[in-house]
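Here is structure31.cif, consisting of mmCIF, C-alpha atoms and all ligand atoms:
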data_entry
#
loop_
_atom_site.label_atom_id
_atom_site.label_comp_id
_atom_site.auth_asym_id
_atom_site.auth_seq_id
_atom_site.Cartn_x
_atom_site.Cartn_y
_atom_site.Cartn_z
CA MET A 1 -9.92 -62.83 63.63
CA ILE A 2 -6.75 -62.64 61.62
CA ASN A 3 -3.71 -63.67 63.59
CA PRO A 4 -1.47 -60.68 62.90
CA THR A 5 1.76 -62.62 62.97
CA ALA A 6 0.77 -65.91 61.32
CA SER A 7 3.30 -66.82 58.61
CA TRP A 8 5.12 -63.53 58.95
CA LYS A 9 8.42 -63.57 60.77
CA THR A 10 8.68 -60.57 63.09
CA THR A 11 11.53 -59.63 65.37
CA PRO A 12 11.72 -56.59 67.67
CA LEU A 13 13.22 -53.40 66.22
CA THR A 14 14.06 -52.19 69.74
CA PRO A 15 13.21 -53.59 73.19
CA VAL A 16 10.32 -51.10 73.57
CA PHE A 17 8.80 -50.54 70.14
CA GLY A 18 8.93 -51.45 66.47
CA ALA A 19 9.12 -54.72 64.55
CA ILE A 20 11.20 -56.00 61.65
CA VAL A 21 8.96 -57.98 59.32
CA GLU A 22 10.56 -60.58 57.05
CA ASP A 23 9.41 -62.79 54.20
CA VAL A 24 6.74 -60.35 53.09
CA SER A 25 6.29 -58.59 49.76
CA LEU A 26 4.72 -55.19 50.33
CA ALA A 27 3.67 -55.05 46.68
CA ASP A 28 1.44 -58.09 47.45
CA VAL A 29 0.30 -56.81 50.83
CA ALA A 30 -0.90 -53.61 49.16
CA ARG A 31 -3.43 -55.63 47.15
CA THR A 32 -4.48 -58.48 49.46
CA ASP A 33 -5.92 -59.23 52.91
CA GLY A 34 -2.32 -59.30 54.10
CA PHE A 35 -2.84 -55.59 54.65
CA PHE A 36 -5.00 -56.33 57.73
CA ARG A 37 -2.07 -58.17 59.26
CA LEU A 38 0.20 -55.27 58.53
CA ARG A 39 -2.31 -52.86 60.03
CA ALA A 40 -2.58 -54.93 63.22
CA LEU A 41 1.23 -54.95 63.57
CA PHE A 42 1.26 -51.19 62.96
CA GLU A 43 -1.20 -50.59 65.82
CA GLU A 44 0.75 -52.87 68.15
CA HIS A 45 4.37 -51.94 67.40
CA SER A 46 4.10 -48.34 66.05
CA ALA A 47 6.95 -48.83 63.55
CA LEU A 48 7.59 -51.54 60.98
CA LEU A 49 10.72 -52.19 58.95
CA PHE A 50 10.64 -54.26 55.75
CA ARG A 51 13.93 -54.85 53.96
CA GLY A 52 14.83 -55.66 50.37
CA GLN A 53 11.49 -54.64 48.90
CA ASP A 54 10.97 -54.49 45.16
CA ILE A 55 8.34 -51.78 45.28
CA THR A 56 7.33 -49.41 42.48
CA ASP A 57 5.71 -46.01 42.92
CA GLU A 58 2.40 -47.66 41.94
CA ASP A 59 2.81 -50.27 44.70
CA HIS A 60 3.74 -47.53 47.14
CA LEU A 61 0.58 -45.58 46.29
CA ALA A 62 -1.56 -48.73 46.49
CA LEU A 63 -0.17 -49.55 49.94
CA ALA A 64 -0.65 -46.00 51.21
CA ARG A 65 -4.28 -45.96 50.00
CA ARG A 66 -5.02 -48.96 52.20
CA PHE A 67 -4.27 -46.77 55.27
CA GLY A 68 -6.56 -43.93 54.16
CA THR A 69 -6.41 -40.72 52.15
CA ILE A 70 -3.00 -39.87 50.75
CA GLU A 71 -1.90 -36.42 51.87
CA ASP A 72 -1.43 -33.86 49.11
CA ARG A 73 0.14 -30.66 50.44
CA LEU A 74 0.71 -29.25 46.97
CA ALA A 75 -2.84 -29.74 45.71
CA ASP A 76 -3.38 -25.98 45.48
CA GLU A 77 -0.16 -25.46 43.49
CA ARG A 78 -0.76 -28.04 40.77
CA THR A 79 -2.67 -27.35 37.61
CA SER A 80 -5.13 -29.96 36.38
CA ASP A 81 -2.56 -31.14 33.81
CA ASP A 82 0.04 -32.03 36.44
CA ALA A 83 -0.18 -35.63 37.62
CA TYR A 84 0.27 -36.42 41.32
CA LYS A 85 3.77 -37.79 41.85
CA VAL A 86 5.07 -39.67 44.86
CA PRO A 87 6.88 -37.01 46.93
CA LYS A 88 10.64 -37.43 47.22
CA VAL A 89 12.75 -36.33 50.16
CA SER A 90 15.87 -35.63 48.16
CA ASN A 91 18.88 -33.39 47.66
CA VAL A 92 18.95 -34.25 43.94
CA ARG A 93 17.53 -31.55 41.65
CA ALA A 94 15.56 -32.17 38.47
CA ASP A 95 18.75 -31.57 36.44
CA GLY A 96 20.58 -34.27 38.43
CA LYS A 97 22.81 -31.83 40.34
CA LEU A 98 22.81 -31.77 44.14
CA THR A 99 21.20 -28.85 45.96
CA ALA A 100 23.69 -26.29 47.31
CA ALA A 101 24.37 -26.23 51.06
CA ASP A 102 22.83 -22.81 51.59
CA ASP A 103 19.80 -22.96 49.31
CA LEU A 104 16.29 -22.95 50.68
CA HIS A 105 15.55 -26.50 49.60
CA THR A 106 18.56 -27.76 51.58
CA LEU A 107 17.44 -25.73 54.59
CA HIS A 108 13.98 -27.27 54.25
CA LEU A 109 15.60 -30.74 54.34
CA LYS A 110 17.57 -29.62 57.40
CA ALA A 111 14.30 -28.85 59.18
CA ASN A 112 13.68 -32.62 58.96
CA PHE A 113 16.65 -33.02 61.33
CA LEU A 114 14.42 -31.67 64.13
CA TRP A 115 12.33 -34.34 65.87
CA HIS A 116 8.80 -34.17 64.50
CA ALA A 117 5.60 -35.96 63.57
CA ASP A 118 4.49 -35.14 60.04
CA SER A 119 1.78 -32.61 59.34
CA THR A 120 0.73 -31.73 62.90
CA PHE A 121 0.35 -28.23 61.40
CA LEU A 122 -2.30 -29.36 58.90
CA PRO A 123 -6.04 -29.32 59.62
CA VAL A 124 -5.81 -33.09 59.11
CA PRO A 125 -2.50 -34.42 60.43
CA ALA A 126 -0.77 -37.58 59.23
CA LEU A 127 -1.48 -41.12 60.45
CA THR A 128 1.58 -42.66 58.86
CA ASN A 129 4.54 -42.07 56.62
CA ILE A 130 5.62 -44.92 54.34
CA LEU A 131 9.25 -44.09 53.61
CA ILE A 132 11.31 -46.02 51.04
CA GLY A 133 15.08 -45.91 50.56
CA ARG A 134 15.78 -45.20 46.84
CA VAL A 135 19.24 -43.61 46.66
CA VAL A 136 21.11 -44.08 49.91
CA THR A 137 24.26 -42.50 51.31
CA LYS A 138 27.52 -44.28 52.09
CA SER A 139 27.61 -42.62 55.49
CA GLY A 140 25.20 -40.57 57.61
CA GLY A 141 21.67 -39.86 56.44
CA ALA A 142 19.99 -42.18 58.96
CA THR A 143 16.33 -41.72 59.81
CA GLU A 144 15.68 -41.93 63.54
CA LEU A 145 12.45 -42.81 65.34
CA ALA A 146 11.38 -42.15 68.95
CA SER A 147 8.40 -43.82 70.60
CA THR A 148 6.28 -41.26 72.44
CA ARG A 149 4.10 -44.19 73.58
CA ALA A 150 6.98 -45.90 75.36
CA ALA A 151 8.29 -42.55 76.61
CA TRP A 152 4.89 -41.48 77.96
CA ALA A 153 4.53 -44.80 79.78
CA ALA A 154 7.93 -44.29 81.41
CA MET A 155 7.62 -40.55 82.11
CA PRO A 156 7.60 -39.39 85.73
CA GLU A 157 4.11 -38.36 86.85
CA SER A 158 5.43 -34.89 87.79
CA LEU A 159 6.34 -34.17 84.16
CA LYS A 160 3.17 -35.77 82.75
CA ALA A 161 1.02 -33.65 85.04
CA ARG A 162 2.42 -30.45 83.52
CA VAL A 163 1.04 -31.28 80.06
CA ARG A 164 -1.83 -33.75 80.59
CA GLY A 165 -5.25 -32.37 79.66
CA ARG A 166 -3.81 -29.30 77.91
CA GLY A 167 -3.94 -28.41 74.24
CA ILE A 168 -0.78 -27.77 72.21
CA ARG A 169 -0.58 -25.40 69.23
CA HIS A 170 1.32 -26.33 66.08
CA ARG A 171 2.56 -24.10 63.23
CA TYR A 172 4.58 -25.12 60.15
CA SER A 173 6.73 -21.98 60.10
CA HIS A 174 7.72 -22.57 63.73
CA SER A 175 9.91 -25.56 62.84
CA ARG A 176 11.38 -23.70 59.84
CA ALA A 177 12.20 -20.64 61.99
CA GLN A 178 14.47 -22.86 64.11
CA ILE A 179 16.59 -23.44 60.98
CA SER A 180 16.48 -20.08 59.19
CA PRO A 181 14.30 -16.94 59.47
CA GLU A 182 14.45 -16.59 55.69
CA LEU A 183 13.14 -20.14 55.19
CA ALA A 184 10.30 -19.53 57.66
CA LYS A 185 9.07 -16.58 55.57
CA LEU A 186 8.25 -18.66 52.48
CA PRO A 187 4.51 -18.63 51.66
CA MET A 188 4.41 -22.45 51.63
CA PHE A 189 4.84 -22.41 55.42
CA HIS A 190 1.94 -20.01 55.96
CA LYS A 191 -0.85 -21.75 54.10
CA TRP A 192 -2.61 -23.10 57.18
CA PRO A 193 -3.81 -21.53 60.45
CA ASP A 194 -2.31 -22.74 63.72
CA GLN A 195 -3.63 -26.14 64.76
CA HIS A 196 -4.63 -26.96 68.34
CA TRP A 197 -4.37 -30.63 69.36
CA LYS A 198 -4.71 -32.47 72.63
CA SER A 199 -1.35 -33.35 74.12
CA VAL A 200 -2.05 -37.08 74.31
CA TRP A 201 -3.30 -39.31 71.47
CA THR A 202 -5.05 -42.44 72.66
CA ASN A 203 -4.94 -45.28 70.16
CA PRO A 204 -8.58 -46.31 69.60
CA VAL A 205 -7.67 -49.95 68.91
CA ASN A 206 -5.66 -50.74 72.03
CA GLY A 207 -6.19 -47.74 74.34
CA LYS A 208 -2.45 -47.01 74.54
CA GLU A 209 -1.59 -43.33 75.11
CA ALA A 210 1.21 -41.39 73.41
CA LEU A 211 2.42 -37.84 73.86
CA TYR A 212 1.65 -35.81 70.71
CA ILE A 213 4.36 -33.21 70.15
CA ALA A 214 6.58 -32.10 67.24
CA SER A 215 9.10 -29.49 66.15
CA HIS A 216 6.03 -27.60 64.89
CA ALA A 217 4.62 -27.28 68.45
CA PHE A 218 5.11 -23.85 70.01
CA ALA A 219 2.50 -23.25 72.73
CA VAL A 220 1.00 -25.30 75.54
CA ASP A 221 -2.31 -24.06 76.97
CA GLY A 222 -1.92 -22.19 80.24
CA TYR A 223 1.77 -21.34 79.80
CA ASP A 224 3.40 -18.27 78.29
CA ALA A 225 5.77 -18.50 75.32
CA ALA A 226 8.91 -19.02 77.39
CA GLU A 227 7.28 -21.58 79.71
CA SER A 228 5.84 -23.41 76.71
CA ALA A 229 9.21 -23.53 74.97
CA ALA A 230 10.92 -24.84 78.12
CA LEU A 231 8.24 -27.49 78.73
CA LEU A 232 8.21 -28.64 75.10
CA ARG A 233 12.01 -28.90 75.17
CA GLU A 234 11.89 -30.96 78.37
CA LEU A 235 9.23 -33.29 76.95
CA MET A 236 11.16 -33.68 73.69
CA GLU A 237 14.39 -34.44 75.55
CA PHE A 238 12.64 -37.07 77.64
CA CYS A 239 11.02 -38.78 74.65
CA THR A 240 14.17 -38.89 72.52
CA GLN A 241 16.44 -40.60 75.05
CA PRO A 242 18.27 -43.63 73.66
CA ASP A 243 15.90 -46.02 75.51
CA PHE A 244 13.00 -44.90 73.32
CA THR A 245 14.76 -44.42 69.97
CA TYR A 246 15.89 -46.35 66.90
CA SER A 247 18.32 -45.20 64.21
CA HIS A 248 17.87 -46.59 60.73
CA SER A 249 20.81 -46.67 58.30
CA TRP A 250 19.25 -47.01 54.87
CA GLN A 251 19.75 -49.66 52.21
CA ALA A 252 17.94 -49.24 48.90
CA GLY A 253 14.66 -51.19 49.10
CA ASP A 254 14.16 -50.65 52.83
CA VAL A 255 10.66 -49.54 53.76
CA LEU A 256 9.88 -47.90 57.11
CA ILE A 257 6.25 -47.43 58.12
CA TRP A 258 5.50 -45.63 61.37
CA ASP A 259 2.55 -44.43 63.38
CA GLN A 260 2.71 -40.64 63.59
CA ARG A 261 0.33 -40.70 66.55
CA ALA A 262 2.93 -42.49 68.66
CA VAL A 263 6.34 -41.96 67.03
CA LEU A 264 8.55 -38.95 66.35
CA HIS A 265 11.16 -39.03 63.60
CA ARG A 266 14.08 -37.04 62.24
CA GLY A 267 16.68 -37.27 59.53
CA THR A 268 20.37 -37.01 60.33
CA PRO A 269 23.07 -35.16 58.33
CA TRP A 270 25.15 -36.74 55.60
CA PRO A 271 28.11 -35.58 53.48
CA GLU A 272 26.72 -32.93 51.16
CA ASP A 273 28.41 -34.35 48.07
CA GLN A 274 26.35 -37.57 48.37
CA PRO A 275 22.92 -37.92 46.76
CA ARG A 276 20.10 -39.17 48.98
CA THR A 277 16.53 -39.84 47.84
CA LEU A 278 13.71 -41.35 49.85
CA SER A 279 10.15 -41.76 48.55
CA SER A 280 7.71 -40.54 51.18
CA LEU A 281 3.94 -40.92 51.27
CA CYS A 282 1.97 -39.56 54.18
CA VAL A 283 -1.58 -40.72 54.79
CA SER A 284 -4.01 -38.47 56.66
CA ALA A 285 -5.49 -39.57 59.98
CA SER A 286 -9.25 -40.15 60.19
CA ASP A 287 -11.78 -40.38 62.98
CA ALA A 288 -11.31 -44.16 62.95
CA ASP A 289 -7.69 -43.43 63.91
CA GLY A 290 -8.85 -41.28 66.81
CA LEU A 291 -8.55 -37.89 65.10
CA GLY A 292 -11.99 -36.79 66.34
CA THR A 293 -10.82 -37.20 69.94
CA MET A 294 -7.81 -34.91 69.38
CA HIS A 295 -9.73 -31.68 68.80
CA ILE A 296 -10.00 -29.20 71.63
CA MET A 297 -13.63 -28.30 72.20
CA PRO A 298 -14.20 -24.51 72.47
CA GLN A 299 -14.94 -23.64 76.13
C1 LIG B 1 10.01 -37.31 56.15
C2 LIG B 1 11.23 -37.04 56.92
C3 LIG B 1 13.51 -37.65 57.34
C4 LIG B 1 14.66 -38.17 56.55
O1 LIG B 1 10.09 -38.01 55.12
O2 LIG B 1 8.92 -36.85 56.55
O3 LIG B 1 11.16 -36.31 57.88
O4 LIG B 1 15.43 -38.97 57.09
N1 LIG B 1 12.36 -37.66 56.54
O5 LIG B 1 14.81 -37.76 55.40
MN MN B 2 8.99 -35.91 58.34
#
Spit out the file's structure as structure tokens when you get a sec.
Ligand code: OGA
Ligand code: MN
Amino acid sequence: MINPTASWKTTPLTPVFGAIVEDVSLADVARTDGFFRLRALFEEHSALLFRGQDITDEDHLALARRFGTIEDRLADERTSDDAYKVPKVSNVRADGKLTAADDLHTLHLKANFLWHADSTFLPVPALTNILIGRVVTKSGGATELASTRAAWAAMPESLKARVRGRGIRHRYSHSRAQISPELAKLPMFHKWPDQHWKSVWTNPVNGKEALYIASHAFAVDGYDAAESAALLRELMEFCTQPDFTYSHSWQAGDVLIWDQRAVLHRGTPWPEDQPRTLSSLCVSASDADGLGTMHIMPQ
């Protein structure tokens, strides 16, 4: 058994979830048995913060591959000559100018300001996002996390009972429609059919349960559209109370790694004349991560 904390200094990120890990080079961890330590901390704490990392795109890819299959949402849009590039969450265009406040790319970034887990609308949702601060803002632009494991554990039974055992449907365009009807119409948000996931994801390593919701969720089994919307809002409000959240103000070289099965996240606004670029790699969940238990069996 590897002792997950041996030689690594960890301190709590919040009283209820997350850990700050010090004295560790992620570039090394990506290529050594140190990864098993990281993975054990990930299962236990749901979110890990590493500061001051000197990490290239190659290191980032190598680390992500240790978690599983790297998600590639644009696979169908790339020709065989185009190399896969680490996706950037950024308001900086290829020509170096910043995206305009009202353009569709900016609106797409704004959709990240809604609490979500990544890729719940994909046939294979994400296990983790490894997010790296590259160009950071002087003010605003924090990334916030909310533990749906801690929130579920603290939720009154009366609220839990309204969602437990029910499936929830997720659709990419649903989160975009909350920002702009025009944005929601783009073909890129209609590539996948609605996904239907159980409302609670049980971690297969430690048995801990977490509510599985997102800005992409629009229907809860057994409720009509209005009831679903009201229930999802109530659940989201419960989970994102200050007791269950963490707000990260970025420094270049910070790396945040979180468990999408148990943590929601969102970006926060920043002055539009400031560039902001984060490198973001999502890794798809597998059956070893409990994905197989999340499907709703046809009745
Ligand atoms: C993401 C995301 C939020 C942010 O990378 O998936 O939602 O703070 N980012 O930019
Ligand atoms: Mn996201």
Subject >> Atomic distance CA of Arg266 (chain A) - atom N1 of ligand LIG 1 (chain B), expressed in Å with one decimal >> reply: 6.0 Å
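Residues in contact with region 134-142 of chain A at 7 Å, where all atoms listed in the file are counted and same-chain residues fewer than 6 positions away are skipped, are listed as Ser247, His248, Ser249, Trp250, Gln251, Ala252, Gly253, Gly267, Thr268, Pro269, Trp270, Gln274, Pro275, Arg276, Thr277, Leu278 and Ser279 of chain A.
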Export, as a JSON list (two decimals), keeping the file's coordinate frame, the selected residues with C-alpha atoms.
[["chain", "number", "residue", "atom", "x", "y", "z"],
["A", 247, "SER", "CA", 18.32, -45.20, 64.21],
["A", 248, "HIS", "CA", 17.87, -46.59, 60.73],
["A", 249, "SER", "CA", 20.81, -46.67, 58.30],
["A", 250, "TRP", "CA", 19.25, -47.01, 54.87],
["A", 251, "GLN", "CA", 19.75, -49.66, 52.21],
["A", 252, "ALA", "CA", 17.94, -49.24, 48.90],
["A", 253, "GLY", "CA", 14.66, -51.19, 49.10],
["A", 267, "GLY", "CA", 16.68, -37.27, 59.53],
["A", 268, "THR", "CA", 20.37, -37.01, 60.33],
["A", 269, "PRO", "CA", 23.07, -35.16, 58.33],
["A", 270, "TRP", "CA", 25.15, -36.74, 55.60],
["A", 274, "GLN", "CA", 26.35, -37.57, 48.37],
["A", 275, "PRO", "CA", 22.92, -37.92, 46.76],
["A", 276, "ARG", "CA", 20.10, -39.17, 48.98],
["A", 277, "THR", "CA", 16.53, -39.84, 47.84],
["A", 278, "LEU", "CA", 13.71, -41.35, 49.85],
["A", 279, "SER", "CA", 10.15, -41.76, 48.55]]
**OP:** Name all residues at most 7 Å from region 54-64 of chain A (count all atoms listed in the file; drop same-chain ones fewer than 5 positions away) and give them as a ChimeraX atom specification.
**Re:** /A:27,30,70,86,253,281,283
Residues at most 10 Å from ligand MN 2 (chain B), using only C-alpha atoms and all ligand atoms? Could they come as a JSON list (two decimals) with C-alpha atoms, keeping the file's coordinate frame?
[["chain", "number", "residue", "atom", "x", "y", "z"],
["A", 89, "VAL", "CA", 12.75, -36.33, 50.16],
["A", 109, "LEU", "CA", 15.60, -30.74, 54.34],
["A", 111, "ALA", "CA", 14.30, -28.85, 59.18],
["A", 112, "ASN", "CA", 13.68, -32.62, 58.96],
["A", 113, "PHE", "CA", 16.65, -33.02, 61.33],
["A", 114, "LEU", "CA", 14.42, -31.67, 64.13],
["A", 115, "TRP", "CA", 12.33, -34.34, 65.87],
["A", 116, "HIS", "CA", 8.80, -34.17, 64.50],
["A", 117, "ALA", "CA", 5.60, -35.96, 63.57],
["A", 118, "ASP", "CA", 4.49, -35.14, 60.04],
["A", 119, "SER", "CA", 1.78, -32.61, 59.34],
["A", 126, "ALA", "CA", -0.77, -37.58, 59.23],
["A", 129, "ASN", "CA", 4.54, -42.07, 56.62],
["A", 131, "LEU", "CA", 9.25, -44.09, 53.61],
["A", 143, "THR", "CA", 16.33, -41.72, 59.81],
["A", 214, "ALA", "CA", 6.58, -32.10, 67.24],
["A", 260, "GLN", "CA", 2.71, -40.64, 63.59],
["A", 264, "LEU", "CA", 8.55, -38.95, 66.35],
["A", 265, "HIS", "CA", 11.16, -39.03, 63.60],
["A", 266, "ARG", "CA", 14.08, -37.04, 62.24],
["A", 267, "GLY", "CA", 16.68, -37.27, 59.53],
["A", 280, "SER", "CA", 7.71, -40.54, 51.18],
["A", 282, "CYS", "CA", 1.97, -39.56, 54.18]]
**OP:** Quick one: pull the distance between CA of Val205 (chain A) and CA of Glu43 (chain A), Å, one decimal.
**Re:**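 A separation of 7.2 Å between them.
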Original post:
Using all atoms listed in the file, which residues sit within 9 Å of region 174-176 of chain A once same-chain residues fewer than 4 positions away are excluded, as a list in words?
Top reply: Leu107, His108, Lys110, Ala111, Asn112, Leu114, His116, His170, Ser180, Pro181, Glu182, Leu183, Ala184, Lys185, Phe189, Ala214, Ser215, His216, Ala217 and Phe218 of chain A
Subject >> Of the listed residues A:Val263, A:Met155, A:Ala210, A:Ala219, that which approaches ligand LIG 1 (chain B) most closely, counting all atoms listed in the file >> reply: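 Looking at the shortest contact to ligand LIG 1 (chain B), the residue is A:Val263.
Using all atoms listed in the file, the smallest distance between any of A:Lys208, A:His105, A:Arg162, A:Lys88 and ligand LIG 1 (chain B) comes from A:Lys88.
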Subject >> Nearest to ligand LIG 1 (chain B), chosen from A:Ile168, A:Ala229, A:Met236, A:Ile132, with all atoms listed in the file counted in the distances >> reply: A:Ile132
What's the 12 Å shell around Leu159 (chain A), counting all atoms listed in the file, without same-chain residues fewer than 4 positions away, as a tab-separated table (two decimals) with C-alpha atoms, in the coordinates of the input?
chain	number	residue	atom	x	y	z
A	151	ALA	CA	8.29	-42.55	76.61
A	152	TRP	CA	4.89	-41.48	77.96
A	153	ALA	CA	4.53	-44.80	79.78
A	154	ALA	CA	7.93	-44.29	81.41
A	155	MET	CA	7.62	-40.55	82.11
A	163	VAL	CA	1.04	-31.28	80.06
A	164	ARG	CA	-1.83	-33.75	80.59
A	211	LEU	CA	2.42	-37.84	73.86
A	231	LEU	CA	8.24	-27.49	78.73
A	232	LEU	CA	8.21	-28.64	75.10
A	233	ARG	CA	12.01	-28.90	75.17
A	234	GLU	CA	11.89	-30.96	78.37
A	235	LEU	CA	9.23	-33.29	76.95
A	236	MET	CA	11.16	-33.68	73.69
A	237	GLU	CA	14.39	-34.44	75.55
A	238	PHE	CA	12.64	-37.07	77.64
A	239	CYS	CA	11.02	-38.78	74.65
**OP:** Determine the nearest neighbour of ligand LIG 1 (chain B) from the options A:Thr32, A:Thr99, A:Ser25, A:Thr128, counting only C-alpha atoms and all ligand atoms.
**Re:** A:Thr128
Which residues, protein or nucleic acid, reach to within 12 Å of (-1.4, -43.2, 64.6) in the file's coordinates when using only C-alpha atoms, and can you give that as a CSV table (one decimal) with C-alpha atoms, in the coordinates of the input?
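Produced file selection_6.csv, reproduced below:
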chain,number,residue,atom,x,y,z
A,39,ARG,CA,-2.3,-52.9,60.0
A,40,ALA,CA,-2.6,-54.9,63.2
A,42,PHE,CA,1.3,-51.2,63.0
A,43,GLU,CA,-1.2,-50.6,65.8
A,44,GLU,CA,0.8,-52.9,68.2
A,45,HIS,CA,4.4,-51.9,67.4
A,46,SER,CA,4.1,-48.3,66.0
A,47,ALA,CA,7.0,-48.8,63.6
A,67,PHE,CA,-4.3,-46.8,55.3
A,68,GLY,CA,-6.6,-43.9,54.2
A,117,ALA,CA,5.6,-36.0,63.6
A,118,ASP,CA,4.5,-35.1,60.0
A,120,THR,CA,0.7,-31.7,62.9
A,125,PRO,CA,-2.5,-34.4,60.4
A,126,ALA,CA,-0.8,-37.6,59.2
A,127,LEU,CA,-1.5,-41.1,60.4
A,128,THR,CA,1.6,-42.7,58.9
A,129,ASN,CA,4.5,-42.1,56.6
A,147,SER,CA,8.4,-43.8,70.6
A,148,THR,CA,6.3,-41.3,72.4
A,149,ARG,CA,4.1,-44.2,73.6
A,200,VAL,CA,-2.0,-37.1,74.3
A,201,TRP,CA,-3.3,-39.3,71.5
A,202,THR,CA,-5.0,-42.4,72.7
A,203,ASN,CA,-4.9,-45.3,70.2
A,204,PRO,CA,-8.6,-46.3,69.6
A,205,VAL,CA,-7.7,-50.0,68.9
A,206,ASN,CA,-5.7,-50.7,72.0
A,207,GLY,CA,-6.2,-47.7,74.3
A,208,LYS,CA,-2.4,-47.0,74.5
A,209,GLU,CA,-1.6,-43.3,75.1
A,210,ALA,CA,1.2,-41.4,73.4
A,211,LEU,CA,2.4,-37.8,73.9
A,212,TYR,CA,1.6,-35.8,70.7
A,257,ILE,CA,6.2,-47.4,58.1
A,258,TRP,CA,5.5,-45.6,61.4
A,259,ASP,CA,2.6,-44.4,63.4
A,260,GLN,CA,2.7,-40.6,63.6
A,261,ARG,CA,0.3,-40.7,66.6
A,262,ALA,CA,2.9,-42.5,68.7
A,263,VAL,CA,6.3,-42.0,67.0
A,264,LEU,CA,8.6,-39.0,66.4
A,282,CYS,CA,2.0,-39.6,54.2
A,283,VAL,CA,-1.6,-40.7,54.8
A,284,SER,CA,-4.0,-38.5,56.7
A,285,ALA,CA,-5.5,-39.6,60.0
A,286,SER,CA,-9.2,-40.2,60.2
A,287,ASP,CA,-11.8,-40.4,63.0
A,288,ALA,CA,-11.3,-44.2,63.0
A,289,ASP,CA,-7.7,-43.4,63.9
A,290,GLY,CA,-8.8,-41.3,66.8
A,291,LEU,CA,-8.6,-37.9,65.1
A,294,MET,CA,-7.8,-34.9,69.4
Original post:
Could you work out how far CA of Thr69 (chain A) lies from CA of Phe17 (chain A), giving the answer in Å with one decimal?
Top reply: 25.5 Å
